[in-house]
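Down below is the structure, laid out as structure tokens.
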Amino acid sequence: MSNKLVAVVYHSGYGHTQVLAEQVLQGAKDGGAEALLVPVSDVDKHWDDLAKADAIIFGSPTYMGSVSADFKAFMDKSSKVWAEQGWKDKLAAGFTNSASMSGDKLNTLQQLSIFAAQQSMLWVSLGILPGNNSSTGSPDDLNRVGSYLGAMAQSNADQGSDVVPPQSDRETARLLGVRVAEIARKFN
Ligand SMILES: Cc1cc2nc3c(=O)[nH]c(=O)nc-3n(C[C@H](O)[C@H](O)[C@H](O)COP(=O)(O)O)c2cc1C
């Protein structure tokens, strides 16, 4: 059986969400898939690759409580794919990052999941129980932000992408990639 192809389509204005995208990519590889990283600025070179992908994982920073304008432009461009239902029955998943612990990141993941539904894709949740929510919890826990719909990360506004998001968020993102690759393999 040939390897599954997982594409990671993302936008990052200042590099923080890119760190996560690279982690998701690594996770997809760790999960046994071929993996392709597609910044939305390059998407026009990759529509054929996306058509071949078994899964597409979407990532955007949360800007003003929603996906970034660059990511939304990609969503709107994909209406040609929508018209042909070209991504129907592919797996989908999502991740986002913002400065505040909440920052209204849930709205961004909801946007991504509705986008996937409009494309008739099958949404894969994060699949990691929330951490950092008990007396024995810590910010070093996986899924420290406590998301179910996708991977959430938090990056302090005054620190660069060499420092934030922290390792726990990076590993949470990697495990989302692993999960999508493993489900893609099971899902023929
Ligand atoms: C235009 C703009 C809007 C933002 N809106 C939010 C927001 O709604 N919630 C939040 O927590 N952080 C917000 N932030 C902070 C970013 O989400 C945060 O800096 C993130 O790490 C940026 O990711 P990036 O480096 O991948 O662009 C905003 C930043 C910018 C530039």
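Going through the structure tokens in order, the chains are called A, B, and so on, while each chain numbers its residues from 1 and the ligands are numbered from 1 in the order shown.
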Quick one: residues within 6 Å of ligand 1, with only C-alpha atoms and all ligand atoms, as a list in words?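 Using only C-alpha atoms and all ligand atoms, I find these residues within 6 Å of ligand 1: Ser12, Gly13, Tyr14, Gly15, His16, Thr17, Gln18, Pro61, Thr62, Tyr63, Met64, Gly65, Asn97, Ser98, Ala99, Ser100, Gly103, Asp104, Ser155 and Ala157 of chain A.
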Could you write out, as a ChimeraX atom specification, all the residues of range 68-181 of chain A that DSSP marks as helix (DSSP H, G or I)? /A:69-77,79-84,105-118,167-181
Find the residues around Ile57 in chain A up to 6 Å (only C-alpha atoms counted), leave out those fewer than 4 positions away in its own chain, and share them as an MDAnalysis selection string. chainID A and resid 8 92:94
Mind checking which residues fall within 8 Å of Lys88 in chain A, counting only C-alpha atoms, ignoring those fewer than 3 positions away in the same chain, and posting them as a CSV table (one decimal) with all heavy atoms, in the first residue's frame?
chain,number,residue,atom,x,y,z
A,85,GLN,N,-16.3,19.9,-5.5
A,85,GLN,CA,-16.2,19.0,-4.3
A,85,GLN,C,-14.9,18.1,-4.4
A,85,GLN,O,-14.9,16.9,-4.1
A,85,GLN,CB,-17.4,18.2,-4.1
A,85,GLN,CG,-18.6,19.0,-3.7
A,85,GLN,CD,-18.5,19.4,-2.2
A,85,GLN,OE1,-18.7,18.7,-1.3
A,85,GLN,NE2,-18.1,20.7,-2.0
A,119,GLN,N,-16.2,21.8,2.4
A,119,GLN,CA,-15.5,21.1,1.4
A,119,GLN,C,-15.8,19.6,1.5
A,119,GLN,O,-15.2,18.7,0.9
A,119,GLN,CB,-14.0,21.3,1.6
A,119,GLN,CG,-13.5,22.7,1.5
A,119,GLN,CD,-13.4,23.1,0.0
A,119,GLN,OE1,-13.8,22.4,-0.9
A,119,GLN,NE2,-12.8,24.3,-0.2
A,120,SER,N,-16.8,19.2,2.4
A,120,SER,CA,-17.2,17.8,2.6
A,120,SER,C,-16.0,16.9,3.0
A,120,SER,O,-16.0,15.7,2.7
A,120,SER,CB,-17.8,17.2,1.3
A,120,SER,OG,-19.0,18.0,1.0
A,121,MET,N,-15.1,17.5,3.8
A,121,MET,CA,-14.0,16.8,4.4
A,121,MET,C,-14.5,16.2,5.7
A,121,MET,O,-15.5,16.5,6.3
A,121,MET,CB,-12.8,17.7,4.6
A,121,MET,CG,-12.4,18.3,3.3
A,121,MET,SD,-11.1,19.6,3.4
A,121,MET,CE,-9.6,18.5,3.6
Residue neighbourhood Gly150 in chain A, 12 Å, only C-alpha atoms, exclusion window fewer than 5 positions, as a VMD selection string: chain A and resid 24 57 to 60 92 to 97 105 to 113 123 to 130 143 145 169 172 to 177 179 to 180
Interatomic distance between CA of Lys90 in chain A and CA of Ala51 in chain A?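 The value is 9.4 Å.
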Can you work out which one of A:Glu34, A:Glu84, A:Glu22, A:Asp76 has the shortest atom-to-atom distance to Lys4 in chain A, counting only C-alpha atoms?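 Checking each candidate against Lys4 in chain A, we get A:Glu34 as the closest.
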Spatial neighbours of Asp141 in chain A, 12 Å, only C-alpha atoms, chain gap at least 3 places, as a JSON list (two decimals) with all heavy atoms, in the first residue's frame:
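Once written, selection.json looks like this:
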[["chain", "number", "residue", "atom", "x", "y", "z"],
["A", 128, "ILE", "N", -6.40, 14.44, 22.46],
["A", 128, "ILE", "CA", -5.53, 14.45, 23.65],
["A", 128, "ILE", "C", -6.34, 15.10, 24.78],
["A", 128, "ILE", "O", -6.82, 16.23, 24.61],
["A", 128, "ILE", "CB", -4.25, 15.29, 23.42],
["A", 128, "ILE", "CG1", -3.45, 14.77, 22.23],
["A", 128, "ILE", "CG2", -3.39, 15.32, 24.69],
["A", 128, "ILE", "CD1", -2.29, 15.69, 21.81],
["A", 129, "LEU", "N", -6.47, 14.41, 25.90],
["A", 129, "LEU", "CA", -7.24, 15.00, 27.01],
["A", 129, "LEU", "C", -6.57, 16.31, 27.45],
["A", 129, "LEU", "O", -5.35, 16.46, 27.37],
["A", 129, "LEU", "CB", -7.32, 14.02, 28.17],
["A", 129, "LEU", "CG", -8.31, 12.87, 27.97],
["A", 129, "LEU", "CD1", -8.21, 11.89, 29.15],
["A", 129, "LEU", "CD2", -9.73, 13.37, 27.81],
["A", 130, "PRO", "N", -7.36, 17.26, 27.96],
["A", 130, "PRO", "CA", -6.78, 18.53, 28.40],
["A", 130, "PRO", "C", -5.79, 18.33, 29.55],
["A", 130, "PRO", "O", -6.04, 17.52, 30.44],
["A", 130, "PRO", "CB", -7.99, 19.34, 28.88],
["A", 130, "PRO", "CG", -9.17, 18.66, 28.31],
["A", 130, "PRO", "CD", -8.82, 17.24, 28.10],
["A", 131, "GLY", "N", -4.70, 19.07, 29.52],
["A", 131, "GLY", "CA", -3.76, 19.10, 30.64],
["A", 131, "GLY", "C", -3.91, 20.40, 31.40],
["A", 131, "GLY", "O", -4.79, 21.21, 31.10],
["A", 132, "ASN", "N", -3.04, 20.60, 32.38],
["A", 132, "ASN", "CA", -2.95, 21.91, 33.05],
["A", 132, "ASN", "C", -4.28, 22.35, 33.65],
["A", 132, "ASN", "O", -4.55, 23.56, 33.72],
["A", 132, "ASN", "CB", -2.47, 22.95, 32.03],
["A", 132, "ASN", "CG", -1.99, 24.24, 32.66],
["A", 132, "ASN", "OD1", -1.54, 24.25, 33.80],
["A", 132, "ASN", "ND2", -2.08, 25.33, 31.91],
["A", 133, "ASN", "N", -5.10, 21.38, 34.09],
["A", 133, "ASN", "CA", -6.42, 21.77, 34.61],
["A", 133, "ASN", "C", -6.72, 21.14, 35.96],
["A", 133, "ASN", "O", -7.88, 20.96, 36.32],
["A", 133, "ASN", "CB", -7.52, 21.45, 33.60],
["A", 133, "ASN", "CG", -7.66, 19.96, 33.33],
["A", 133, "ASN", "OD1", -6.91, 19.16, 33.91],
["A", 133, "ASN", "ND2", -8.60, 19.58, 32.49],
["A", 134, "SER", "N", -5.66, 20.79, 36.69],
["A", 134, "SER", "CA", -5.87, 20.23, 38.03],
["A", 134, "SER", "C", -4.72, 20.68, 38.93],
["A", 134, "SER", "O", -3.75, 21.28, 38.45],
["A", 134, "SER", "CB", -5.90, 18.69, 37.96],
["A", 134, "SER", "OG", -4.59, 18.22, 37.73],
["A", 136, "THR", "N", -2.46, 19.04, 40.12],
["A", 136, "THR", "CA", -1.18, 18.41, 39.76],
["A", 136, "THR", "C", -0.77, 18.73, 38.32],
["A", 136, "THR", "O", 0.25, 18.26, 37.85],
["A", 136, "THR", "CB", -1.28, 16.88, 39.91],
["A", 136, "THR", "OG1", -2.37, 16.42, 39.10],
["A", 136, "THR", "CG2", -1.50, 16.48, 41.36],
["A", 137, "GLY", "N", -1.59, 19.53, 37.64],
["A", 137, "GLY", "CA", -1.28, 19.89, 36.25],
["A", 137, "GLY", "C", -0.20, 20.95, 36.17],
["A", 137, "GLY", "O", 0.19, 21.55, 37.16],
["A", 138, "SER", "N", 0.26, 21.18, 34.94],
["A", 138, "SER", "CA", 1.32, 22.17, 34.74],
["A", 138, "SER", "C", 1.26, 22.68, 33.31],
["A", 138, "SER", "O", 0.74, 22.01, 32.42],
["A", 138, "SER", "CB", 2.67, 21.50, 35.03],
["A", 138, "SER", "OG", 3.54, 21.61, 33.95],
["A", 144, "ARG", "N", -2.15, 21.92, 27.00],
["A", 144, "ARG", "CA", -2.26, 22.76, 28.20],
["A", 144, "ARG", "C", -3.36, 23.80, 28.06],
["A", 144, "ARG", "O", -3.84, 24.34, 29.05],
["A", 144, "ARG", "CB", -0.93, 23.45, 28.50],
["A", 144, "ARG", "CG", -0.59, 24.54, 27.51],
["A", 144, "ARG", "CD", 0.73, 25.23, 27.78],
["A", 144, "ARG", "NE", 1.00, 26.16, 26.69],
["A", 144, "ARG", "CZ", 1.20, 27.46, 26.85],
["A", 144, "ARG", "NH1", 1.18, 28.01, 28.04],
["A", 144, "ARG", "NH2", 1.46, 28.21, 25.79],
["A", 145, "VAL", "N", -3.76, 24.11, 26.81],
["A", 145, "VAL", "CA", -4.82, 25.11, 26.61],
["A", 145, "VAL", "C", -6.20, 24.45, 26.73],
["A", 145, "VAL", "O", -7.20, 25.14, 26.96],
["A", 145, "VAL", "CB", -4.64, 25.83, 25.25],
["A", 145, "VAL", "CG1", -5.66, 26.93, 25.06],
["A", 145, "VAL", "CG2", -3.23, 26.40, 25.12],
["A", 146, "GLY", "N", -6.26, 23.13, 26.62],
["A", 146, "GLY", "CA", -7.52, 22.41, 26.85],
["A", 146, "GLY", "C", -8.46, 22.48, 25.67],
["A", 146, "GLY", "O", -9.63, 22.84, 25.80],
["A", 166, "PRO", "N", 5.64, 27.40, 23.56],
["A", 166, "PRO", "CA", 6.51, 26.51, 24.34],
["A", 166, "PRO", "C", 6.45, 25.06, 23.86],
["A", 166, "PRO", "O", 5.59, 24.67, 23.07],
["A", 166, "PRO", "CB", 5.97, 26.64, 25.77],
["A", 166, "PRO", "CG", 4.55, 27.02, 25.59],
["A", 166, "PRO", "CD", 4.48, 27.86, 24.34],
["A", 167, "GLN", "N", 7.39, 24.29, 24.42],
["A", 167, "GLN", "CA", 7.55, 22.91, 24.00],
["A", 167, "GLN", "C", 6.26, 22.11, 24.11],
["A", 167, "GLN", "O", 5.96, 21.27, 23.25],
["A", 167, "GLN", "CB", 8.67, 22.26, 24.82],
["A", 167, "GLN", "CG", 8.98, 20.82, 24.48],
["A", 167, "GLN", "CD", 9.31, 20.62, 22.99],
["A", 167, "GLN", "OE1", 9.83, 21.53, 22.32],
["A", 167, "GLN", "NE2", 8.98, 19.45, 22.46],
["A", 168, "SER", "N", 5.47, 22.34, 25.16],
["A", 168, "SER", "CA", 4.23, 21.56, 25.33],
["A", 168, "SER", "C", 3.28, 21.79, 24.15],
["A", 168, "SER", "O", 2.66, 20.85, 23.65],
["A", 168, "SER", "CB", 3.54, 21.92, 26.65],
["A", 168, "SER", "OG", 3.43, 23.32, 26.81],
["A", 169, "ASP", "N", 3.20, 23.02, 23.67],
["A", 169, "ASP", "CA", 2.34, 23.30, 22.52],
["A", 169, "ASP", "C", 2.92, 22.71, 21.23],
["A", 169, "ASP", "O", 2.19, 22.24, 20.35],
["A", 169, "ASP", "CB", 2.17, 24.82, 22.32],
["A", 169, "ASP", "CG", 1.37, 25.47, 23.45],
["A", 169, "ASP", "OD1", 0.80, 24.73, 24.28],
["A", 169, "ASP", "OD2", 1.34, 26.71, 23.50],
["A", 170, "ARG", "N", 4.24, 22.76, 21.12],
["A", 170, "ARG", "CA", 4.89, 22.19, 19.93],
["A", 170, "ARG", "C", 4.63, 20.68, 19.86],
["A", 170, "ARG", "O", 4.33, 20.14, 18.80],
["A", 170, "ARG", "CB", 6.41, 22.49, 19.97],
["A", 170, "ARG", "CG", 6.70, 23.96, 19.83],
["A", 170, "ARG", "CD", 8.19, 24.29, 20.01],
["A", 170, "ARG", "NE", 8.35, 25.73, 20.15],
["A", 170, "ARG", "CZ", 9.23, 26.47, 19.50],
["A", 170, "ARG", "NH1", 10.11, 25.91, 18.68],
["A", 170, "ARG", "NH2", 9.29, 27.77, 19.68],
["A", 171, "GLU", "N", 4.76, 20.02, 21.01],
["A", 171, "GLU", "CA", 4.55, 18.57, 21.03],
["A", 171, "GLU", "C", 3.06, 18.24, 20.80],
["A", 171, "GLU", "O", 2.74, 17.25, 20.13],
["A", 171, "GLU", "CB", 5.04, 18.01, 22.37],
["A", 171, "GLU", "CG", 4.89, 16.50, 22.53],
["A", 171, "GLU", "CD", 5.69, 15.67, 21.53],
["A", 171, "GLU", "OE1", 6.44, 16.22, 20.71],
["A", 171, "GLU", "OE2", 5.50, 14.43, 21.53],
["A", 172, "THR", "N", 2.19, 19.07, 21.31],
["A", 172, "THR", "CA", 0.75, 18.87, 21.06],
["A", 172, "THR", "C", 0.48, 18.94, 19.56],
["A", 172, "THR", "O", -0.27, 18.12, 19.00],
["A", 172, "THR", "CB", -0.07, 19.93, 21.83],
["A", 172, "THR", "OG1", 0.20, 19.79, 23.23],
["A", 172, "THR", "CG2", -1.56, 19.79, 21.57]]
Secondary structure check, strand (DSSP E or B) residues of range 21-57 of chain A, as a PDB file with N, CA and C atoms, in the first residue's frame:
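Once everything was written out, this is result23.pdb:
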ATOM      1  N   GLU A  34       3.734  10.511   4.007  1.00  0.00           N
ATOM      2  CA  GLU A  34       4.494  11.562   3.320  1.00  0.00           C
ATOM      3  C   GLU A  34       3.840  12.865   3.711  1.00  0.00           C
ATOM      4  N   ALA A  35       4.629  13.914   3.818  1.00  0.00           N
ATOM      5  CA  ALA A  35       4.049  15.166   4.307  1.00  0.00           C
ATOM      6  C   ALA A  35       4.591  16.342   3.516  1.00  0.00           C
ATOM      7  N   LEU A  36       3.718  17.288   3.277  1.00  0.00           N
ATOM      8  CA  LEU A  36       4.039  18.442   2.440  1.00  0.00           C
ATOM      9  C   LEU A  36       3.611  19.711   3.163  1.00  0.00           C
ATOM     10  N   LEU A  37       4.541  20.666   3.257  1.00  0.00           N
ATOM     11  CA  LEU A  37       4.246  21.935   3.923  1.00  0.00           C
ATOM     12  C   LEU A  37       3.920  22.982   2.862  1.00  0.00           C
ATOM     13  N   VAL A  38       2.766  23.623   2.999  1.00  0.00           N
ATOM     14  CA  VAL A  38       2.325  24.593   1.991  1.00  0.00           C
ATOM     15  C   VAL A  38       1.956  25.914   2.671  1.00  0.00           C
ATOM     16  N   PRO A  39       2.856  26.909   2.641  1.00  0.00           N
ATOM     17  CA  PRO A  39       2.426  28.229   3.102  1.00  0.00           C
ATOM     18  C   PRO A  39       1.365  28.777   2.152  1.00  0.00           C
ATOM     19  N   ALA A  55      -5.091  13.797   3.346  1.00  0.00           N
ATOM     20  CA  ALA A  55      -5.509  14.648   4.464  1.00  0.00           C
ATOM     21  C   ALA A  55      -4.894  16.030   4.285  1.00  0.00           C
ATOM     22  N   ILE A  56      -5.638  17.050   4.689  1.00  0.00           N
ATOM     23  CA  ILE A  56      -5.104  18.419   4.684  1.00  0.00           C
ATOM     24  C   ILE A  56      -5.329  18.992   6.075  1.00  0.00           C
ATOM     25  N   ILE A  57      -4.244  19.443   6.688  1.00  0.00           N
ATOM     26  CA  ILE A  57      -4.321  20.037   8.021  1.00  0.00           C
ATOM     27  C   ILE A  57      -4.135  21.548   7.860  1.00  0.00           C
TER      28      ILE A  57
END
Using CA of Asp140 in chain A and CA of Val9 in chain A as the two end points, give the distance in Å to one decimal.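 Here the two named atoms are 26.7 Å from each other.
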Considering only C-alpha atoms, return as a VMD selection string whatever protein or nucleic-acid residues lie within 7 Å of Ala53 in chain A, sequence-local ones (same chain, fewer than 4 positions apart) excluded. chain A and resid 5 to 7 49
Would you write out those residues with all heavy atoms, as a PDB file, in the first residue's frame?
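Output contents, as saved in result-v3.pdb:
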ATOM      1  N   LEU A   5      -0.553  10.710   1.889  1.00  0.00           N
ATOM      2  CA  LEU A   5       0.010  12.066   1.778  1.00  0.00           C
ATOM      3  C   LEU A   5      -0.794  13.011   2.663  1.00  0.00           C
ATOM      4  O   LEU A   5      -2.015  13.139   2.507  1.00  0.00           O
ATOM      5  CB  LEU A   5      -0.031  12.548   0.323  1.00  0.00           C
ATOM      6  CG  LEU A   5       0.426  13.991   0.094  1.00  0.00           C
ATOM      7  CD1 LEU A   5       1.887  14.192   0.507  1.00  0.00           C
ATOM      8  CD2 LEU A   5       0.240  14.389  -1.380  1.00  0.00           C
ATOM      9  N   VAL A   6      -0.097  13.653   3.578  1.00  0.00           N
ATOM     10  CA  VAL A   6      -0.713  14.651   4.455  1.00  0.00           C
ATOM     11  C   VAL A   6      -0.126  16.016   4.097  1.00  0.00           C
ATOM     12  O   VAL A   6       1.099  16.205   4.129  1.00  0.00           O
ATOM     13  CB  VAL A   6      -0.437  14.342   5.944  1.00  0.00           C
ATOM     14  CG1 VAL A   6      -0.994  15.447   6.832  1.00  0.00           C
ATOM     15  CG2 VAL A   6      -1.023  12.993   6.336  1.00  0.00           C
ATOM     16  N   ALA A   7      -0.975  16.966   3.734  1.00  0.00           N
ATOM     17  CA  ALA A   7      -0.521  18.328   3.446  1.00  0.00           C
ATOM     18  C   ALA A   7      -0.870  19.228   4.626  1.00  0.00           C
ATOM     19  O   ALA A   7      -1.919  19.071   5.254  1.00  0.00           O
ATOM     20  CB  ALA A   7      -1.194  18.834   2.174  1.00  0.00           C
ATOM     21  N   ASP A  49      -1.121  19.067  -5.795  1.00  0.00           N
ATOM     22  CA  ASP A  49      -0.693  18.254  -4.640  1.00  0.00           C
ATOM     23  C   ASP A  49      -1.840  18.109  -3.652  1.00  0.00           C
ATOM     24  O   ASP A  49      -2.057  17.026  -3.095  1.00  0.00           O
ATOM     25  CB  ASP A  49       0.488  18.925  -3.923  1.00  0.00           C
ATOM     26  CG  ASP A  49       1.722  18.987  -4.792  1.00  0.00           C
ATOM     27  OD1 ASP A  49       1.992  18.000  -5.506  1.00  0.00           O
ATOM     28  OD2 ASP A  49       2.414  20.022  -4.767  1.00  0.00           O
TER      29      ASP A  49
END
State, in Å with one decimal place, the distance from CA of Gln26 in chain A to CA of Ala184 in chain A. 15.3 Å
Restricting the calculation to only C-alpha atoms, which member of A:His11, A:Lys186, A:Lys80, A:His46 is positioned closest to Ser68 in chain A?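 When distances to Ser68 in chain A are compared using only C-alpha atoms, the smallest one comes from A:His11.
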Nearest residue to Asp70 in chain A from the set A:Asp158, A:Tyr10, A:Asp54, A:Trp47 (distances using only C-alpha atoms):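 The shortest atom-to-atom distance to Asp70 in chain A comes from A:Tyr10.
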